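Since the structure comes first, as structure tokens, the remarks are kept for the end.
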Amino acid sequence: MTRLGGIFFTCLLTLTYFSRLIDAKFAWSLISPILLFLVWGLGSNRQTSLAAIICTISGGILPIFALLVPYSELTLSLARLLSVVWLVILNWY
């Protein structure tokens, strides 16, 4: 959990400095795949890695992107929907 928090806040710090040079939405689009790649390695097996990816998208990538785009409610709703779908799949299967 500590590693994930460190990776996330490092990405936010990178976004802060990149947004001075380029558009913040474009900077976050460049940083997000790196975040996903780093999070993929945190799981011990494929199912844990997939869970980490889905949680990172719904809890980290989409909310930050929602703050950068004018359609923030739509993007946050998409993050919520992804979280609910993941919980349904996790509890039913």
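Quick note on naming: the chains in the structure tokens go A, B, ... in the order shown, residues restart at 1 in each chain, and ligands are numbered from 1 in order of appearance.
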For range 14-29 of chain A, find every residue with an atom within 9 Å (counting only C-alpha atoms), except residues of its own chain fewer than 3 positions away, and show them as a compact mmCIF listing (two decimals) with N, CA and C atoms, in the first residue's frame.
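Listing of around.txt after writing:
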# COMPACT_ATOMS: atom_id res chain seq x y z
N PHE A 9 1.44 9.60 -5.72
CA PHE A 9 1.82 10.98 -5.43
C PHE A 9 3.02 11.43 -6.27
N THR A 10 3.86 10.50 -6.67
CA THR A 10 4.92 10.84 -7.62
C THR A 10 4.32 11.25 -8.96
N CYS A 11 3.29 10.54 -9.38
CA CYS A 11 2.61 10.90 -10.63
C CYS A 11 1.93 12.26 -10.52
N SER A 32 -0.53 8.56 -17.12
CA SER A 32 -1.44 7.47 -16.75
C SER A 32 -0.97 6.09 -17.18
N PRO A 33 -0.50 5.90 -18.42
CA PRO A 33 0.01 4.55 -18.77
C PRO A 33 1.21 4.13 -17.94
N ILE A 61 -6.93 7.37 -11.71
CA ILE A 61 -6.77 7.99 -13.02
C ILE A 61 -8.01 8.80 -13.43
N ILE A 64 -8.69 12.13 -11.26
CA ILE A 64 -7.76 13.22 -11.59
C ILE A 64 -8.09 13.78 -12.96
N PHE A 65 -8.39 12.89 -13.91
CA PHE A 65 -8.77 13.36 -15.24
C PHE A 65 -10.06 14.15 -15.18
N LEU A 68 -9.60 17.74 -14.63
CA LEU A 68 -8.95 18.45 -15.71
C LEU A 68 -9.87 18.75 -16.89
N VAL A 69 -10.97 18.04 -17.01
CA VAL A 69 -11.87 18.22 -18.15
C VAL A 69 -13.13 18.94 -17.71
Exercise. Do you know which residues are at most 10 Å from Leu67 in chain A counting only C-alpha atoms, after dropping those on the same chain fewer than 6 positions away, and could you put them as a PyMOL selection string?
Worked result: chain A and resi 25+73+75-76
Just N, CA and C atoms for this one: save the residues we selected as an mmCIF file, in the first residue's frame.
data_model
loop_
_atom_site.group_PDB
_atom_site.id
_atom_site.type_symbol
_atom_site.label_atom_id
_atom_site.label_comp_id
_atom_site.auth_asym_id
_atom_site.auth_seq_id
_atom_site.Cartn_x
_atom_site.Cartn_y
_atom_site.Cartn_z
ATOM 1 N N LYS A 25 -4.065 18.083 -19.456
ATOM 2 C CA LYS A 25 -4.762 16.871 -19.920
ATOM 3 C C LYS A 25 -3.822 15.971 -20.709
ATOM 4 N N GLU A 73 -18.481 15.726 -14.038
ATOM 5 C CA GLU A 73 -19.502 14.841 -13.481
ATOM 6 C C GLU A 73 -19.628 13.561 -14.288
ATOM 7 N N THR A 75 -17.268 12.120 -16.049
ATOM 8 C CA THR A 75 -16.073 11.315 -15.814
ATOM 9 C C THR A 75 -16.104 10.680 -14.426
ATOM 10 N N LEU A 76 -16.554 11.415 -13.417
ATOM 11 C CA LEU A 76 -16.663 10.839 -12.082
ATOM 12 C C LEU A 76 -17.732 9.755 -12.031
#
Problem set entry | All helix (DSSP H, G or I) positions in chain A, as an MDAnalysis selection string | chainID A and resid 2:18 24:40 46:68 72:92
For this session: Pick out the residues sitting within 8 Å of range 81-93 of chain A, and hand them over as an NGL selection string; count only C-alpha atoms, and ignore anything fewer than 2 positions along from it in its own chain.
Result: :A and (54-55 or 58 or 77-79)
Could you save the residues just selected, with N, CA and C atoms, as a PDB file, in the first residue's frame?
ATOM      1  N   ILE A  54      -7.811  -2.138 -12.093  1.00  0.00           N
ATOM      2  CA  ILE A  54      -9.178  -1.601 -12.075  1.00  0.00           C
ATOM      3  C   ILE A  54      -9.347  -0.586 -10.950  1.00  0.00           C
ATOM      4  N   CYS A  55      -8.800  -0.870  -9.800  1.00  0.00           N
ATOM      5  CA  CYS A  55      -8.887   0.083  -8.688  1.00  0.00           C
ATOM      6  C   CYS A  55      -8.116   1.364  -8.980  1.00  0.00           C
ATOM      7  N   SER A  58     -10.283   3.389 -11.555  1.00  0.00           N
ATOM      8  CA  SER A  58     -11.493   3.978 -10.982  1.00  0.00           C
ATOM      9  C   SER A  58     -11.200   4.912  -9.810  1.00  0.00           C
ATOM     10  N   SER A  77     -18.806   9.934 -12.786  1.00  0.00           N
ATOM     11  CA  SER A  77     -19.835   8.894 -12.855  1.00  0.00           C
ATOM     12  C   SER A  77     -19.285   7.630 -13.501  1.00  0.00           C
ATOM     13  N   LEU A  78     -18.439   7.787 -14.493  1.00  0.00           N
ATOM     14  CA  LEU A  78     -17.801   6.635 -15.126  1.00  0.00           C
ATOM     15  C   LEU A  78     -16.893   5.906 -14.132  1.00  0.00           C
ATOM     16  N   ALA A  79     -16.183   6.654 -13.310  1.00  0.00           N
ATOM     17  CA  ALA A  79     -15.334   6.038 -12.280  1.00  0.00           C
ATOM     18  C   ALA A  79     -16.185   5.278 -11.265  1.00  0.00           C
TER      19      ALA A  79
END
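Minimum atom-to-atom distances from A:Leu12, A:Arg80, A:Gln47, A:Pro63 to Leu35 in chain A were compared using only C-alpha atoms, and the lowest value belongs to A:Leu12.
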Problem set entry | Interatomic distance (Å, one decimal) between CA of Ala51 in chain A and CA of Leu13 in chain A |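 Atom-to-atom, CA of Ala51 in chain A to CA of Leu13 in chain A, that is 24.6 Å.
Closest approach to Gly43 in chain A among A:Ile31, A:Phe8, A:Arg3, A:Pro70: A:Arg3, based on only C-alpha atoms.
CA of Ile34 in chain A sits 24.0 Å away from CA of Tyr71 in chain A.
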